[in-house]
Amino acid sequence: MSGLVIAIDGPSASGKSTVSQKVAQRLNFIHVDSGSLYRGITWYLLGRKVNVADSAVIAAALTQMRMDFLVRDNAIKFSIDGLEPDVELRSEAVNNNVSQIAALPAVREWIVNKLRKMPMFGNLVMEGRDIGTAVFPEAAFKFYLDASPEERARRRYLETAGVNKNTCHGKGMTTYDDILRSILKRDGIDSSRAMAPLKVAHGAIVIQSTKMTIDEVVNQIVKIINGSQ
């Protein structure tokens, strides 16, 4: 029997990951970060020095890759050819290439096929950019989180600064302006790609979180879900 799906979409740095994890915890659902699958494929391709500009070569490489899934700590985890990437998924190399690779139809089709099988694990809170539009358009609940580009850049900058708080400030340090440019670029790629572009799903509840805290967003989503049951 397939589980219930709650789809949470939104642009880069809109708070999807933190909100989705907290909603899953509150409801005792399983959290699925669809973006990590795209990062996993990117990591795999870069590790094998595949030409990421050659879509045919990438499509061929996917037929040779094995991705296995399991549930750990109420979240879907995966391994690729027996290896389970972790911090590698957030490396600079992956960050610089994941948008290009994720936009390829062959890659999206491959991952969507995997995501659609995940309700076999149970009730899900799945985050991404096309969950409510392409992966589960009939999801029981669909939400779209948004915030101004400036606010999203501010959040990502503080997150990055927190991770790198023990490093020296100076040359090579990512600035707020760098992050804002990166977010605007990613928004453009996600919104203009030919297959499953980023947009608000039909029937989705839009939450503009520019002036909201994470807990306020989580409370709103959980209230809506519990109120409908």
# chains A, B, ... in the order shown; residues from 1 in each chain; ligands from 1
>>> select_by_dssp(residues="region 16-90 of chain A", states="strand (DSSP E or B)", output="PyMOL selection string")
chain A and resi 30-33+67-72+75-80+83
>>> write_last_selection(atoms="C-alpha atoms", output="PDB file, in the first residue's frame")
ATOM      1  CA  ILE A  30       9.600  10.094   6.128  1.00  0.00           C
ATOM      2  CA  HIS A  31      11.597  13.008   4.714  1.00  0.00           C
ATOM      3  CA  VAL A  32      12.776  12.884   1.086  1.00  0.00           C
ATOM      4  CA  ASP A  33      15.258  15.423  -0.271  1.00  0.00           C
ATOM      5  CA  MET A  67      21.361   3.682  -6.706  1.00  0.00           C
ATOM      6  CA  ASP A  68      19.892   1.846  -3.701  1.00  0.00           C
ATOM      7  CA  PHE A  69      17.553   3.381  -1.107  1.00  0.00           C
ATOM      8  CA  LEU A  70      16.868   2.806   2.581  1.00  0.00           C
ATOM      9  CA  VAL A  71      15.133   4.569   5.459  1.00  0.00           C
ATOM     10  CA  ARG A  72      17.340   5.836   8.274  1.00  0.00           C
ATOM     11  CA  ALA A  75      14.617   9.944   6.037  1.00  0.00           C
ATOM     12  CA  ILE A  76      15.361   8.314   2.701  1.00  0.00           C
ATOM     13  CA  LYS A  77      19.083   7.738   2.227  1.00  0.00           C
ATOM     14  CA  PHE A  78      20.871   6.277  -0.775  1.00  0.00           C
ATOM     15  CA  SER A  79      24.058   4.636  -1.887  1.00  0.00           C
ATOM     16  CA  ILE A  80      25.609   4.690  -5.355  1.00  0.00           C
ATOM     17  CA  LEU A  83      29.080   4.015  -1.595  1.00  0.00           C
TER      18      LEU A  83
END
>>> residues_around(residues="Ile58 (chain A)", least_positions_apart="6", cutoff="12 Å", atoms="only C-alpha atoms", output="VMD selection string")
chain A and resid 41 to 42 44 to 46 48 to 52 64 to 65 100 to 102 104 to 108 110
>>> write_last_selection(atoms="C-alpha atoms", output="tab-separated table (two decimals), in the first residue's frame")
chain	number	residue	atom	x	y	z
A	41	ILE	CA	24.32	11.80	-9.77
A	42	THR	CA	26.50	14.89	-10.20
A	44	TYR	CA	29.02	10.18	-9.47
A	45	LEU	CA	29.60	11.72	-12.90
A	46	LEU	CA	32.34	14.08	-11.71
A	48	ARG	CA	34.23	9.29	-13.15
A	49	LYS	CA	35.32	12.36	-15.10
A	50	VAL	CA	32.29	12.17	-17.37
A	51	ASN	CA	31.91	15.12	-19.72
A	52	VAL	CA	28.98	16.91	-18.06
A	64	GLN	CA	25.64	1.75	-15.55
A	65	MET	CA	24.92	3.35	-12.17
A	100	GLN	CA	23.41	21.97	-15.50
A	101	ILE	CA	23.10	18.23	-14.93
A	102	ALA	CA	19.71	18.45	-13.21
A	104	LEU	CA	18.96	17.37	-18.58
A	105	PRO	CA	15.75	15.49	-19.55
A	106	ALA	CA	17.45	12.09	-19.25
A	107	VAL	CA	18.56	12.85	-15.70
A	108	ARG	CA	15.19	14.23	-14.61
A	110	TRP	CA	15.66	8.83	-14.35
>>> atom_distance(atom1="CA of Gly15 (chain A)", atom2="CA of Ile224 (chain A)")
18.1 Å
>>> residues_around(residues="Ala103 (chain A)", least_positions_apart="6", cutoff="10 Å", atoms="only C-alpha atoms", output="ChimeraX atom specification")
/A:38,189-190,192-197
>>> residues_around(residues="Glu151 (chain A)", least_positions_apart="2", cutoff="12 Å", atoms="only C-alpha atoms", output="list in words")
Ser12, Ala13, Ser14, Gly15, Asp146, Ala147, Ser148, Pro149, Ala153, Arg154, Arg155, Arg156, Tyr157, Leu158, Tyr176, Asp177, Ile179, Leu180, Ile183, Leu184, Gln208, Ser209, Thr210, Lys211, Met212 and Thr213 of chain A
>>> write_last_selection(atoms="N, CA and C atoms", output="PDB file, in the first residue's frame")
ATOM      1  N   SER A  12      15.780  27.875  -4.814  1.00  0.00           N
ATOM      2  CA  SER A  12      16.967  27.677  -3.988  1.00  0.00           C
ATOM      3  C   SER A  12      16.946  28.576  -2.752  1.00  0.00           C
ATOM      4  N   ALA A  13      17.307  27.997  -1.606  1.00  0.00           N
ATOM      5  CA  ALA A  13      17.432  28.722  -0.334  1.00  0.00           C
ATOM      6  C   ALA A  13      16.111  29.300   0.163  1.00  0.00           C
ATOM      7  N   SER A  14      15.007  28.657  -0.211  1.00  0.00           N
ATOM      8  CA  SER A  14      13.696  29.128   0.257  1.00  0.00           C
ATOM      9  C   SER A  14      13.311  28.505   1.594  1.00  0.00           C
ATOM     10  N   GLY A  15      14.159  27.633   2.116  1.00  0.00           N
ATOM     11  CA  GLY A  15      13.885  26.994   3.398  1.00  0.00           C
ATOM     12  C   GLY A  15      13.258  25.629   3.278  1.00  0.00           C
ATOM     13  N   ASP A 146       8.366  30.335  -0.807  1.00  0.00           N
ATOM     14  CA  ASP A 146       9.087  31.369  -1.545  1.00  0.00           C
ATOM     15  C   ASP A 146       9.554  32.449  -0.583  1.00  0.00           C
ATOM     16  N   ALA A 147      10.495  33.240  -1.039  1.00  0.00           N
ATOM     17  CA  ALA A 147      11.003  34.399  -0.307  1.00  0.00           C
ATOM     18  C   ALA A 147      11.740  35.248  -1.325  1.00  0.00           C
ATOM     19  N   SER A 148      11.965  36.491  -1.012  1.00  0.00           N
ATOM     20  CA  SER A 148      12.663  37.365  -1.950  1.00  0.00           C
ATOM     21  C   SER A 148      14.084  36.844  -2.177  1.00  0.00           C
ATOM     22  N   PRO A 149      14.656  37.089  -3.362  1.00  0.00           N
ATOM     23  CA  PRO A 149      16.031  36.647  -3.614  1.00  0.00           C
ATOM     24  C   PRO A 149      17.010  37.195  -2.579  1.00  0.00           C
ATOM     25  N   ALA A 153      19.278  34.905  -0.202  1.00  0.00           N
ATOM     26  CA  ALA A 153      20.734  35.055  -0.202  1.00  0.00           C
ATOM     27  C   ALA A 153      21.250  35.309   1.213  1.00  0.00           C
ATOM     28  N   ARG A 154      20.503  36.110   1.983  1.00  0.00           N
ATOM     29  CA  ARG A 154      20.904  36.389   3.362  1.00  0.00           C
ATOM     30  C   ARG A 154      20.927  35.112   4.192  1.00  0.00           C
ATOM     31  N   ARG A 155      19.902  34.287   4.029  1.00  0.00           N
ATOM     32  CA  ARG A 155      19.834  33.033   4.776  1.00  0.00           C
ATOM     33  C   ARG A 155      20.975  32.098   4.395  1.00  0.00           C
ATOM     34  N   ARG A 156      21.213  31.974   3.103  1.00  0.00           N
ATOM     35  CA  ARG A 156      22.284  31.089   2.639  1.00  0.00           C
ATOM     36  C   ARG A 156      23.651  31.600   3.096  1.00  0.00           C
ATOM     37  N   TYR A 157      23.828  32.925   3.095  1.00  0.00           N
ATOM     38  CA  TYR A 157      25.091  33.506   3.547  1.00  0.00           C
ATOM     39  C   TYR A 157      25.335  33.191   5.021  1.00  0.00           C
ATOM     40  N   LEU A 158      24.296  33.354   5.863  1.00  0.00           N
ATOM     41  CA  LEU A 158      24.433  33.066   7.288  1.00  0.00           C
ATOM     42  C   LEU A 158      24.702  31.585   7.512  1.00  0.00           C
ATOM     43  N   TYR A 176      28.054  37.725   0.316  1.00  0.00           N
ATOM     44  CA  TYR A 176      26.606  37.808   0.116  1.00  0.00           C
ATOM     45  C   TYR A 176      26.297  38.063  -1.353  1.00  0.00           C
ATOM     46  N   ASP A 177      27.041  38.960  -1.985  1.00  0.00           N
ATOM     47  CA  ASP A 177      26.790  39.279  -3.400  1.00  0.00           C
ATOM     48  C   ASP A 177      27.028  38.056  -4.291  1.00  0.00           C
ATOM     49  N   ILE A 179      26.585  34.947  -3.423  1.00  0.00           N
ATOM     50  CA  ILE A 179      25.455  34.045  -3.200  1.00  0.00           C
ATOM     51  C   ILE A 179      24.207  34.557  -3.898  1.00  0.00           C
ATOM     52  N   LEU A 180      23.973  35.870  -3.841  1.00  0.00           N
ATOM     53  CA  LEU A 180      22.806  36.444  -4.507  1.00  0.00           C
ATOM     54  C   LEU A 180      22.878  36.206  -6.012  1.00  0.00           C
ATOM     55  N   ILE A 183      22.099  32.540  -6.692  1.00  0.00           N
ATOM     56  CA  ILE A 183      20.672  32.239  -6.530  1.00  0.00           C
ATOM     57  C   ILE A 183      19.876  32.736  -7.729  1.00  0.00           C
ATOM     58  N   LEU A 184      20.165  33.941  -8.189  1.00  0.00           N
ATOM     59  CA  LEU A 184      19.461  34.487  -9.353  1.00  0.00           C
ATOM     60  C   LEU A 184      19.741  33.647 -10.598  1.00  0.00           C
ATOM     61  N   GLN A 208       4.671  32.718   1.428  1.00  0.00           N
ATOM     62  CA  GLN A 208       5.709  33.732   1.249  1.00  0.00           C
ATOM     63  C   GLN A 208       6.387  33.947   2.605  1.00  0.00           C
ATOM     64  N   SER A 209       7.601  33.441   2.733  1.00  0.00           N
ATOM     65  CA  SER A 209       8.249  33.356   4.044  1.00  0.00           C
ATOM     66  C   SER A 209       9.297  34.429   4.305  1.00  0.00           C
ATOM     67  N   THR A 210       9.327  35.458   3.477  1.00  0.00           N
ATOM     68  CA  THR A 210      10.363  36.486   3.632  1.00  0.00           C
ATOM     69  C   THR A 210      10.423  37.023   5.057  1.00  0.00           C
ATOM     70  N   LYS A 211       9.270  37.223   5.674  1.00  0.00           N
ATOM     71  CA  LYS A 211       9.225  37.801   7.023  1.00  0.00           C
ATOM     72  C   LYS A 211       8.755  36.778   8.060  1.00  0.00           C
ATOM     73  N   MET A 212       8.881  35.497   7.719  1.00  0.00           N
ATOM     74  CA  MET A 212       8.469  34.441   8.644  1.00  0.00           C
ATOM     75  C   MET A 212       9.672  33.655   9.144  1.00  0.00           C
ATOM     76  N   THR A 213       9.548  33.100  10.346  1.00  0.00           N
ATOM     77  CA  THR A 213      10.570  32.202  10.857  1.00  0.00           C
ATOM     78  C   THR A 213      10.278  30.788  10.347  1.00  0.00           C
TER      79      THR A 213
END
>>> select_by_dssp(residues="region 73-164 of chain A", states="helix (DSSP H, G or I)", output="count of residues only")
50
>>> closest_residue(among="A:Lys16, A:Arg26, A:Lys185, A:Lys114", to="Tyr144 (chain A)", atoms="only C-alpha atoms")
A:Lys16
>>> residues_around(residues="Ala201 (chain A)", least_positions_apart="3", cutoff="7 Å", atoms="only C-alpha atoms", output="ChimeraX atom specification")
/A:132-133,204
>>> write_last_selection(atoms="N, CA and C atoms", output="compact mmCIF listing (two decimals), in the first residue's frame")
# COMPACT_ATOMS: atom_id res chain seq x y z
N GLY A 132 5.34 18.80 -6.88
CA GLY A 132 3.91 18.98 -7.06
C GLY A 132 3.48 19.15 -8.50
N THR A 133 4.44 19.47 -9.38
CA THR A 133 4.09 19.68 -10.79
C THR A 133 4.34 18.45 -11.65
N ALA A 204 -1.48 24.24 -5.34
CA ALA A 204 -0.52 24.36 -4.25
C ALA A 204 -0.81 25.60 -3.40
